[in-house]
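Undergrad: Structure supplied as work.pdb; contents: PDB, C-alpha atoms.
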```
ATOM      1  CA  MET A   1       2.727  32.227  10.873
ATOM      2  CA  LYS A   2       0.256  32.501   8.006
ATOM      3  CA  PHE A   3      -2.747  30.234   7.620
ATOM      4  CA  ARG A   4      -3.951  31.419   4.217
ATOM      5  CA  PRO A   5      -1.323  29.414   2.261
ATOM      6  CA  LEU A   6      -2.419  26.303   4.156
ATOM      7  CA  PHE A   7      -6.088  26.830   3.362
ATOM      8  CA  GLN A   8      -5.198  27.542  -0.259
ATOM      9  CA  HIS A   9      -3.194  24.331  -0.348
ATOM     10  CA  PHE A  10      -6.277  22.403   0.736
ATOM     11  CA  LYS A  11      -7.545  22.870  -2.824
ATOM     12  CA  GLU A  12      -4.475  21.055  -4.135
ATOM     13  CA  MET A  13      -5.062  18.313  -1.582
ATOM     14  CA  LYS A  14      -8.646  17.585  -2.609
ATOM     15  CA  HIS A  15      -7.763  14.279  -4.279
ATOM     16  CA  TYR A  16      -5.932  13.131  -1.157
ATOM     17  CA  PHE A  17      -8.897  14.152   0.978
ATOM     18  CA  ILE A  18     -11.195  12.121  -1.251
ATOM     19  CA  VAL A  19      -8.877   9.111  -1.032
ATOM     20  CA  VAL A  20      -8.650   9.164   2.773
ATOM     21  CA  VAL A  21     -12.423   9.523   3.112
ATOM     22  CA  LEU A  22     -12.960   6.556   0.793
ATOM     23  CA  VAL A  23     -10.336   4.422   2.557
ATOM     24  CA  PHE A  24     -11.743   5.326   5.979
ATOM     25  CA  GLY A  25     -15.287   4.599   4.845
ATOM     26  CA  PHE A  26     -14.303   1.263   3.315
ATOM     27  CA  SER A  27     -12.332   0.331   6.442
ATOM     28  CA  LEU A  28     -15.312   1.210   8.613
ATOM     29  CA  TYR A  29     -17.457  -1.067   6.465
ATOM     30  CA  LEU A  30     -14.888  -3.874   6.731
ATOM     31  CA  GLY A  31     -14.824  -3.599  10.509
ATOM     32  CA  TRP A  32     -18.612  -3.571  10.657
ATOM     33  CA  ALA A  33     -19.450  -6.240   8.067
ATOM     34  CA  ASN A  34     -16.580  -8.615   8.847
ATOM     35  CA  SER A  35     -16.362  -8.197  12.595
ATOM     36  CA  GLU A  36     -15.968 -11.942  13.195
ATOM     37  CA  GLN A  37     -13.041 -12.296  10.787
ATOM     38  CA  PHE A  38     -11.137  -9.375  12.279
ATOM     39  CA  SER A  39     -12.329  -9.795  15.863
ATOM     40  CA  HIS A  40      -8.970 -11.024  17.194
ATOM     41  CA  PHE A  41      -7.068  -8.047  15.791
ATOM     42  CA  LEU A  42      -9.743  -5.511  16.685
ATOM     43  CA  GLU A  43     -10.297  -6.865  20.188
ATOM     44  CA  GLY A  44      -6.578  -6.517  20.790
ATOM     45  CA  GLN A  45      -6.769  -2.885  19.726
ATOM     46  CA  MET A  46      -9.821  -2.296  21.912
ATOM     47  CA  GLN A  47      -8.568  -4.028  25.049
ATOM     48  CA  GLY A  48      -6.021  -1.371  25.917
ATOM     49  CA  LEU A  49      -8.610   1.369  25.467
ATOM     50  CA  LYS A  50     -11.105  -0.464  27.683
ATOM     51  CA  SER A  51      -8.577  -0.861  30.488
ATOM     52  CA  LEU A  52      -7.551   2.774  30.271
ATOM     53  CA  SER A  53     -11.164   3.933  30.186
ATOM     54  CA  GLN A  54     -11.962   1.952  33.332
ATOM     55  CA  SER A  55      -8.894   3.351  35.056
ATOM     56  CA  LEU A  56      -9.847   6.936  34.200
ATOM     57  CA  SER A  57     -13.453   6.356  35.283
ATOM     58  CA  ASN A  58     -12.254   5.400  38.757
ATOM     59  CA  LYS A  59     -10.323   8.630  39.298
ATOM     60  CA  ASP A  60     -11.650  11.506  41.408
ATOM     61  CA  ASN A  61     -12.388  13.766  38.454
ATOM     62  CA  PRO A  62     -12.917  11.400  35.516
ATOM     63  CA  GLN A  63     -14.063  14.078  33.062
ATOM     64  CA  LEU A  64     -10.857  16.063  33.538
ATOM     65  CA  TRP A  65      -8.735  12.954  33.095
ATOM     66  CA  PHE A  66     -10.714  11.931  30.020
ATOM     67  CA  PHE A  67     -10.150  15.404  28.577
ATOM     68  CA  ILE A  68      -6.395  15.269  29.187
ATOM     69  CA  PHE A  69      -6.062  11.783  27.729
ATOM     70  CA  ILE A  70      -8.294  12.407  24.713
ATOM     71  CA  PHE A  71      -6.597  15.674  23.843
ATOM     72  CA  LEU A  72      -3.008  14.487  24.214
ATOM     73  CA  ASN A  73      -3.691  11.139  22.548
ATOM     74  CA  ASN A  74      -5.346  12.674  19.496
ATOM     75  CA  VAL A  75      -2.852  15.517  19.118
ATOM     76  CA  ILE A  76       0.208  13.304  19.448
ATOM     77  CA  LYS A  77      -1.161  10.713  17.037
ATOM     78  CA  SER A  78      -2.266  13.283  14.474
ATOM     79  CA  VAL A  79       0.985  15.244  14.503
ATOM     80  CA  VAL A  80       3.206  12.171  14.546
ATOM     81  CA  ILE A  81       1.289  10.504  11.726
ATOM     82  CA  ILE A  82       1.946  13.481   9.447
ATOM     83  CA  PHE A  83       5.705  13.142   9.793
ATOM     84  CA  LEU A  84       5.648   9.350   9.805
ATOM     85  CA  GLY A  85       4.312   9.785   6.299
ATOM     86  CA  LEU A  86       7.912  10.512   5.356
ATOM     87  CA  LEU A  87       8.447   6.761   5.767
ATOM     88  CA  LEU A  88       6.850   6.241   2.349
ATOM     89  CA  GLY A  89       3.307   6.931   3.571
ATOM     90  CA  ILE A  90       2.755   3.439   4.956
ATOM     91  CA  LEU A  91       1.943   4.298   8.580
ATOM     92  CA  PRO A  92      -0.688   6.985   7.839
ATOM     93  CA  LEU A  93      -2.451   4.449   5.640
ATOM     94  CA  PHE A  94      -2.306   1.849   8.416
ATOM     95  CA  MET A  95      -3.677   4.324  10.979
ATOM     96  CA  LEU A  96      -6.482   5.257   8.617
ATOM     97  CA  ILE A  97      -7.495   1.646   8.048
ATOM     98  CA  ALA A  98      -7.127   0.631  11.706
ATOM     99  CA  ASN A  99      -9.230   3.520  13.009
ATOM    100  CA  GLY A 100     -11.937   2.920  10.432
ATOM    101  CA  MET A 101     -12.091  -0.786  11.228
ATOM    102  CA  ILE A 102     -12.177  -0.186  14.985
ATOM    103  CA  LEU A 103     -15.072   2.250  14.629
ATOM    104  CA  GLY A 104     -16.911  -0.174  12.357
ATOM    105  CA  TYR A 105     -16.284  -3.019  14.790
ATOM    106  CA  VAL A 106     -17.631  -1.002  17.728
ATOM    107  CA  LEU A 107     -20.779  -0.196  15.763
ATOM    108  CA  SER A 108     -21.210  -3.850  14.770
ATOM    109  CA  LEU A 109     -21.432  -4.847  18.438
ATOM    110  CA  GLN A 110     -24.526  -2.721  18.942
ATOM    111  CA  THR A 111     -28.136  -3.562  18.181
ATOM    112  CA  HIS A 112     -29.800  -1.660  15.344
ATOM    113  CA  GLU A 113     -31.492   0.718  17.772
ATOM    114  CA  SER A 114     -28.436   1.321  19.934
ATOM    115  CA  THR A 115     -26.196   1.890  16.891
ATOM    116  CA  LEU A 116     -28.091   5.072  16.072
ATOM    117  CA  SER A 117     -27.888   6.130  19.706
ATOM    118  CA  ILE A 118     -24.127   5.489  19.830
ATOM    119  CA  VAL A 119     -23.585   7.508  16.653
ATOM    120  CA  LEU A 120     -25.735  10.441  17.774
ATOM    121  CA  LYS A 121     -24.619  10.529  21.403
ATOM    122  CA  GLY A 122     -21.170   8.974  21.492
ATOM    123  CA  ILE A 123     -19.598   9.927  18.161
ATOM    124  CA  LEU A 124     -21.323  12.810  16.389
ATOM    125  CA  PRO A 125     -20.882  15.638  18.959
ATOM    126  CA  HIS A 126     -17.076  15.521  18.926
ATOM    127  CA  GLY A 127     -16.538  13.308  15.886
ATOM    128  CA  ILE A 128     -17.784  15.994  13.531
ATOM    129  CA  ILE A 129     -14.541  17.826  14.369
ATOM    130  CA  GLU A 130     -12.199  15.031  15.418
ATOM    131  CA  ILE A 131     -12.648  12.659  12.479
ATOM    132  CA  PRO A 132     -12.058  15.262   9.722
ATOM    133  CA  VAL A 133      -8.952  16.522  11.551
ATOM    134  CA  ILE A 134      -7.499  13.017  11.754
ATOM    135  CA  LEU A 135      -8.341  12.415   8.090
ATOM    136  CA  ILE A 136      -6.579  15.641   7.118
ATOM    137  CA  ALA A 137      -3.506  14.593   9.115
ATOM    138  CA  CYS A 138      -3.481  11.220   7.350
ATOM    139  CA  ALA A 139      -3.906  12.924   3.973
ATOM    140  CA  TYR A 140      -0.834  15.080   4.563
ATOM    141  CA  GLY A 141       1.076  12.049   5.791
ATOM    142  CA  LEU A 142       0.219  10.228   2.567
ATOM    143  CA  LYS A 143       1.181  13.291   0.535
ATOM    144  CA  LEU A 144       4.594  13.454   2.205
ATOM    145  CA  GLY A 145       5.057   9.741   1.590
ATOM    146  CA  LEU A 146       4.262  10.101  -2.093
ATOM    147  CA  LEU A 147       6.672  13.013  -2.408
ATOM    148  CA  VAL A 148       9.426  10.917  -0.833
ATOM    149  CA  TRP A 149       8.737   8.244  -3.446
ATOM    150  CA  LYS A 150       8.803  10.847  -6.211
ATOM    151  CA  SER A 151      11.995  12.421  -4.876
ATOM    152  CA  GLY A 152      13.681   9.043  -5.027
ATOM    153  CA  ALA A 153      12.423   8.443  -8.544
ATOM    154  CA  GLN A 154      13.691  11.861  -9.657
ATOM    155  CA  LEU A 155      17.267  11.280  -8.521
ATOM    156  CA  PHE A 156      18.198  10.316 -12.046
ATOM    157  CA  VAL A 157      16.456  13.124 -13.922
ATOM    158  CA  PRO A 158      17.874  16.580 -14.761
ATOM    159  CA  ASP A 159      17.746  19.145 -11.955
ATOM    160  CA  LYS A 160      15.250  21.312 -13.809
ATOM    161  CA  ASP A 161      12.767  18.420 -13.774
ATOM    162  CA  LYS A 162      13.122  17.683 -10.057
ATOM    163  CA  THR A 163       9.858  19.094  -8.714
ATOM    164  CA  ALA A 164       9.150  16.696  -5.852
ATOM    165  CA  ARG A 165      11.846  17.994  -3.516
ATOM    166  CA  ALA A 166      10.658  21.602  -3.799
ATOM    167  CA  GLU A 167       7.077  20.523  -3.159
ATOM    168  CA  LEU A 168       8.214  18.448  -0.195
ATOM    169  CA  VAL A 169       9.935  21.471   1.350
ATOM    170  CA  LYS A 170       6.833  23.576   0.700
ATOM    171  CA  ILE A 171       4.569  21.127   2.521
ATOM    172  CA  LEU A 172       6.982  20.785   5.425
ATOM    173  CA  HIS A 173       6.710  24.561   5.859
ATOM    174  CA  LEU A 174       2.924  24.257   5.774
ATOM    175  CA  THR A 175       3.009  21.741   8.619
ATOM    176  CA  LYS A 176       3.551  24.590  11.096
ATOM    177  CA  PRO A 177       0.125  26.224  10.603
ATOM    178  CA  LEU A 178      -1.335  22.761  10.016
ATOM    179  CA  ILE A 179      -0.193  21.547  13.437
ATOM    180  CA  VAL A 180      -1.504  24.682  15.147
ATOM    181  CA  SER A 181      -4.871  24.176  13.438
ATOM    182  CA  ILE A 182      -4.910  20.517  14.455
ATOM    183  CA  VAL A 183      -4.130  21.339  18.091
ATOM    184  CA  VAL A 184      -6.851  23.999  18.305
ATOM    185  CA  LEU A 185      -9.522  21.863  16.643
ATOM    186  CA  LEU A 186      -8.669  18.781  18.686
ATOM    187  CA  LEU A 187      -8.766  20.898  21.835
ATOM    188  CA  VAL A 188     -12.337  21.869  20.977
ATOM    189  CA  ALA A 189     -13.182  18.239  20.143
ATOM    190  CA  ALA A 190     -11.686  17.015  23.433
ATOM    191  CA  ILE A 191     -13.682  19.570  25.415
ATOM    192  CA  ILE A 192     -16.875  18.418  23.695
ATOM    193  CA  GLU A 193     -16.028  14.726  24.119
ATOM    194  CA  SER A 194     -15.194  15.035  27.809
ATOM    195  CA  THR A 195     -18.272  17.139  28.593
ATOM    196  CA  LEU A 196     -21.215  16.912  26.175
ATOM    197  CA  THR A 197     -20.430  13.441  24.814
ATOM    198  CA  TYR A 198     -19.591  12.151  28.301
ATOM    199  CA  TRP A 199     -22.890  13.507  29.615
ATOM    200  CA  LEU A 200     -24.951  12.120  26.719
ATOM    201  CA  VAL A 201     -23.412   8.646  26.977
ATOM    202  CA  HIS A 202     -24.058   8.507  30.722
ATOM    203  CA  LEU A 203     -27.688   9.623  30.511
TER     204      LEU A 203
END
```
Go ahead and render the structure in this file as structure tokens.
TA:
Amino acid sequence: MKFRPLFQHFKEMKHYFIVVVLVFGFSLYLGWANSEQFSHFLEGQMQGLKSLSQSLSNKDNPQLWFFIFIFLNNVIKSVVIIFLGLLLGILPLFMLIANGMILGYVLSLQTHESTLSIVLKGILPHGIIEIPVILIACAYGLKLGLLVWKSGAQLFVPDKDKTARAELVKILHLTKPLIVSIVVLLLVAAIIESTLTYWLVHL
């Protein structure tokens, strides 16, 4: 398995990376600035996480359980969202928007002083790895979705002009090193989140 082709392909993906960052940033702003309008939807998303967090906190070794949950949850979501992009790219876009809005909503519930504390203690230590990885996964999901659209549109053009299918196959091959990279990086992020972040939040 070679990683160089994947890293080289990142250059071709720069426009997708820019798009997902902008969408995530705008979604975060929506969740923060319009928390009252979206509170019903966002509270529903948060409720399950709150219940699970309380359940894990009551276990004998909460940090270990938090690590297992965080790691598996992030890896499964990130890997699945890449391939769900084959369904025309709709679900990666939804995940991107939902995660941005949830983060913005959480920040909106804090006071001005505690917002900075939450960002520095509860998000930054692991988020500096976790968030970019999730954004990259969404970007590749969107790319696959666009290629599916293009493949459909190219059904009626001469074979020599059908470029989307070849590019789709190329990216599907790149998903192997991409998934390995995602797993390794999210493992590091989960270790940080279940140790350093956990410790900082509970100071």
Undergrad: Please provide as a ChimeraX atom specification all residues within 12 Å of Ile192 in chain A, with the sequence filter that same-chain residues fewer than 3 positions apart are discarded (counting all atoms listed in the file).
TA: /A:63-64,66-67,70-71,121-130,185-189,195-200
Undergrad: Using all atoms listed in the file, find the one residue out of A:Ser27, A:Val201, A:Val184, A:Arg4 that sits nearest to Tyr105 in chain A.
TA: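 The closest residue to Tyr105 in chain A is A:Ser27.
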Undergrad: May I ask for the distance between CA of Pro92 in chain A and CA of Met1 in chain A, given in Å to one decimal place?
TA: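 CA of Met1 in chain A lies 25.7 Å from CA of Pro92 in chain A.
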Undergrad: Assuming the chain letters and numbering stay as they are in my file, what does the PyMOL selection byres ((chain A and resi 147-157) around 10) actually select? List them as a list in words.
TA: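 Applying the expression gives Gly85, Leu86, Leu87, Leu88, Gly89, Gly141, Leu142, Lys143, Leu144, Gly145, Leu146, Pro158, Asp159, Lys160, Asp161, Lys162, Thr163, Ala164, Arg165, Ala166, Glu167, Leu168, Val169 and Ile171 of chain A.
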Undergrad: Can you write just those residues out, C-alpha atoms, as a tab-separated table (two decimals), in the frame of the given file?
TA:
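The resulting part02.tsv:
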```tsv
chain	number	residue	atom	x	y	z
A	85	GLY	CA	4.31	9.78	6.30
A	86	LEU	CA	7.91	10.51	5.36
A	87	LEU	CA	8.45	6.76	5.77
A	88	LEU	CA	6.85	6.24	2.35
A	89	GLY	CA	3.31	6.93	3.57
A	141	GLY	CA	1.08	12.05	5.79
A	142	LEU	CA	0.22	10.23	2.57
A	143	LYS	CA	1.18	13.29	0.54
A	144	LEU	CA	4.59	13.45	2.20
A	145	GLY	CA	5.06	9.74	1.59
A	146	LEU	CA	4.26	10.10	-2.09
A	158	PRO	CA	17.87	16.58	-14.76
A	159	ASP	CA	17.75	19.14	-11.96
A	160	LYS	CA	15.25	21.31	-13.81
A	161	ASP	CA	12.77	18.42	-13.77
A	162	LYS	CA	13.12	17.68	-10.06
A	163	THR	CA	9.86	19.09	-8.71
A	164	ALA	CA	9.15	16.70	-5.85
A	165	ARG	CA	11.85	17.99	-3.52
A	166	ALA	CA	10.66	21.60	-3.80
A	167	GLU	CA	7.08	20.52	-3.16
A	168	LEU	CA	8.21	18.45	-0.20
A	169	VAL	CA	9.94	21.47	1.35
A	171	ILE	CA	4.57	21.13	2.52
```
Undergrad: What gap, in Å, lies between CA of Gln54 in chain A and CA of Phe69 in chain A?
TA: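 Straight-line distance from CA of Gln54 in chain A to CA of Phe69 in chain A works out to 12.8 Å.
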Undergrad: One decimal, Å: what's the distance from CA of Trp32 in chain A over to CA of Leu120 in chain A, could you say?
TA: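 Answer for the CA of Trp32 in chain A to CA of Leu120 in chain A separation: 17.3 Å.
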